[in-house]
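*Asks:* Let me give you the structure first, and then I'll get to my questions.
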Amino acid sequence: MEKKILVTGIGGNVGQGILRNIRDCFPEVIIVGVDVAIFTSGNFLCDKTFQVPYSYEDNYIKVIQNIVEEEKIDLIIPSTDYEVYYLALSKCALKTNVAVSDYQIAKIYLDKYETFLHHSKHNIPFAKSWLPKDYDFSEKEIIAKPREGRGSRGILINPLNPSELPEGYMIQPLVKGKEITTAVYVTKENFLHSIFTMERELSNGTTSKSKVIFDYDNDLRIIIQKMIDLGGLKGSFNLQSIVTITGEIIPFEVNCRISGTNSIRHNLGFQDVKYAVQEYLFDIKPDEAKPIKGIATRILLDVVYPEAEDENNLNNKFSQHVLY
């Protein structure tokens, strides 16, 4: 019997990486993609696509429920932070497997200030954080960012009047050093399966160049295990940190989902999309991670539909595309 996976956010780099990884490891699986846009560059990787509301809209879950029932979906893999939370919150009503952490922990990690409070309460490292009204001017340099922002959007370096920042902002010290991103996979039984860390360069909030590093794995495992021991974390999540010149690791953000470098990691021995499909779709033990050294960069590709005049008619006609 054929298996079907629904992948959300197929217009973004995270979703498209998930699609490519599923195609690589499980070519027999039928992929249904959804996005807030009716036509995206990720459509050509799917067998069928649907337009859906934003996850925070009242009818989002109902629309997803209808797709699950009509298409007989066996597994949902979300690619955005808010979809992780809302799908986790409604997991029981969806009548299918959903590869997400528990909604309580997903909600905490949506908000970087709540993340700071959570980690501080449990003695887990995280960048010192303030709400603008509470900032004590104890730092020489600061960075202001939206509490729920992603992709480096809205960041302000050394704002002149920290107490007058817009609502929803927070403040952290401007820590200088090496930025690293650590992908983590946690099994359904709440065991740490594996971690994978890369030093990265960003362009417009997404990784443009990355290099695998193993130097900090021992210290990172201690931090990550403390997070897992609190419960609720399942499947993939991502820890972003700065390593100072003294070697101190300072986490500053947690993304409770598969991260945007999943397609890079897949080719370097850490295949968290594959692990999730193995566990949540086929109910088998995930393969052992076998990370290797490597460097990755990204390039743009074109998806061309010759003779097409109306993009709305291209959905589910993927044999027409040409990839350059």
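Order determines the names: the first chain of the structure tokens is A, the second B, and so forth; residues in each chain are numbered 1 upward, and ligands are numbered 1 upward as they are shown.
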Do a neighbour search on Val254 of chain A at 9 Å with only C-alpha atoms, toss out local chain neighbours closer than 6 positions, and write the hits as a PDB file with N, CA and C atoms, in the first residue's frame.

*Replies:*
```pdb
ATOM      1  N   TYR A 109       9.736  27.629  22.673  1.00  0.00           N
ATOM      2  CA  TYR A 109      10.819  27.916  21.745  1.00  0.00           C
ATOM      3  C   TYR A 109      10.393  28.807  20.572  1.00  0.00           C
ATOM      4  N   LEU A 110       9.110  29.160  20.501  1.00  0.00           N
ATOM      5  CA  LEU A 110       8.689  30.191  19.548  1.00  0.00           C
ATOM      6  C   LEU A 110       9.165  31.572  19.975  1.00  0.00           C
ATOM      7  N   LYS A 112      12.001  33.793  21.980  1.00  0.00           N
ATOM      8  CA  LYS A 112      13.372  33.738  22.485  1.00  0.00           C
ATOM      9  C   LYS A 112      13.496  34.223  23.932  1.00  0.00           C
ATOM     10  N   THR A 115      12.374  31.397  25.962  1.00  0.00           N
ATOM     11  CA  THR A 115      13.453  30.410  25.914  1.00  0.00           C
ATOM     12  C   THR A 115      14.512  30.737  26.962  1.00  0.00           C
ATOM     13  N   PHE A 237      15.376  19.294  16.114  1.00  0.00           N
ATOM     14  CA  PHE A 237      15.402  20.695  16.498  1.00  0.00           C
ATOM     15  C   PHE A 237      16.791  21.243  16.252  1.00  0.00           C
ATOM     16  N   ASN A 238      16.914  22.557  16.357  1.00  0.00           N
ATOM     17  CA  ASN A 238      18.146  23.220  15.967  1.00  0.00           C
ATOM     18  C   ASN A 238      18.554  24.219  17.044  1.00  0.00           C
ATOM     19  N   LEU A 239      19.818  24.179  17.419  1.00  0.00           N
ATOM     20  CA  LEU A 239      20.367  25.088  18.432  1.00  0.00           C
ATOM     21  C   LEU A 239      21.383  25.999  17.759  1.00  0.00           C
ATOM     22  N   GLN A 240      21.147  27.315  17.865  1.00  0.00           N
ATOM     23  CA  GLN A 240      22.079  28.285  17.295  1.00  0.00           C
ATOM     24  C   GLN A 240      22.884  28.921  18.420  1.00  0.00           C
TER      25      GLN A 240
END
```

*Asks:* Per DSSP on the backbone, what are the alpha helix (DSSP H) residues of segment 80-290 of chain A, as an NGL selection string?

*Replies:* :A and (81-89 or 91-94 or 103-110 or 112-121 or 217-229 or 262-266 or 272-280)

*Asks:* Neighbouring residues of Asp229 of chain A were defined as those with any atom within 10 Å, considering only C-alpha atoms; residues of the same chain fewer than 6 positions away were excluded. Please report them as number ranges by chain.

*Replies:* A: 190-192

*Asks:* Work out how far atom CA of Val84 of chain A is from atom CA of Val52 of chain A, in Å to one decimal.

*Replies:*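 So the answer is 14.9 Å.
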
*Asks:* Would you mind telling me which residue in A:Glu311, A:Leu45, A:Arg221, A:Pro78 lies nearest to Asp24 of chain A when using only C-alpha atoms?

*Replies:*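 That would be A:Leu45, the residue with the smallest distance to Asp24 of chain A.
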
*Asks:* I'd like the neighbourhood of Phe116 of chain A as a ChimeraX atom specification, where a residue qualifies if any of its atoms comes within 12 Å (using only C-alpha atoms), though same-chain residues fewer than 2 positions away should be ignored.

*Replies:* /A:108-114,118-131,147,170-172,250-254

*Asks:* Using only C-alpha atoms, can you tell me which of A:Gly9, A:Gly177, A:Pro53, A:Gly168 comes closest to Val32 of chain A?

*Replies:*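 So, comparing all the options, the nearest one is A:Gly9.
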
*Asks:* Between A:Leu233, A:Ile224, A:Ile157, A:Val304, which has the minimum distance to Gln104 of chain A (counting only C-alpha atoms)?

*Replies:*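 Result for the nearest residue to Gln104 of chain A: A:Leu233.
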
*Asks:* From the options A:Lys72, A:Lys293, A:Lys140, A:Arg153, which residue's atoms come nearest to Phe270 of chain A, counting only C-alpha atoms?

*Replies:*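 Selected residue with least distance to Phe270 of chain A: A:Lys293.
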
*Asks:* So the first atom is atom CA of Glu179 of chain A and the second is atom CA of Ser241 of chain A; what is the distance between them in Å, to one decimal place?

*Replies:* 5.9 Å

*Asks:* Determine the nearest neighbour of Glu148 of chain A from the options A:Arg257, A:Arg298, A:Lys3, A:Lys107, counting only C-alpha atoms.

*Replies:*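 Comparing A:Arg257, A:Arg298, A:Lys3, A:Lys107 against Glu148 of chain A, the winner is A:Lys107.
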
*Asks:* Counting only C-alpha atoms, figure out which residue out of A:Lys145, A:Lys211, A:Lys274, A:Lys91 gets nearest to Thr297 of chain A.

*Replies:* A:Lys211

*Asks:* Just give me the gap between atom CA of Ile73 of chain A and atom CA of Ala183 of chain A in Å, one decimal is fine.

*Replies:* 26.6 Å
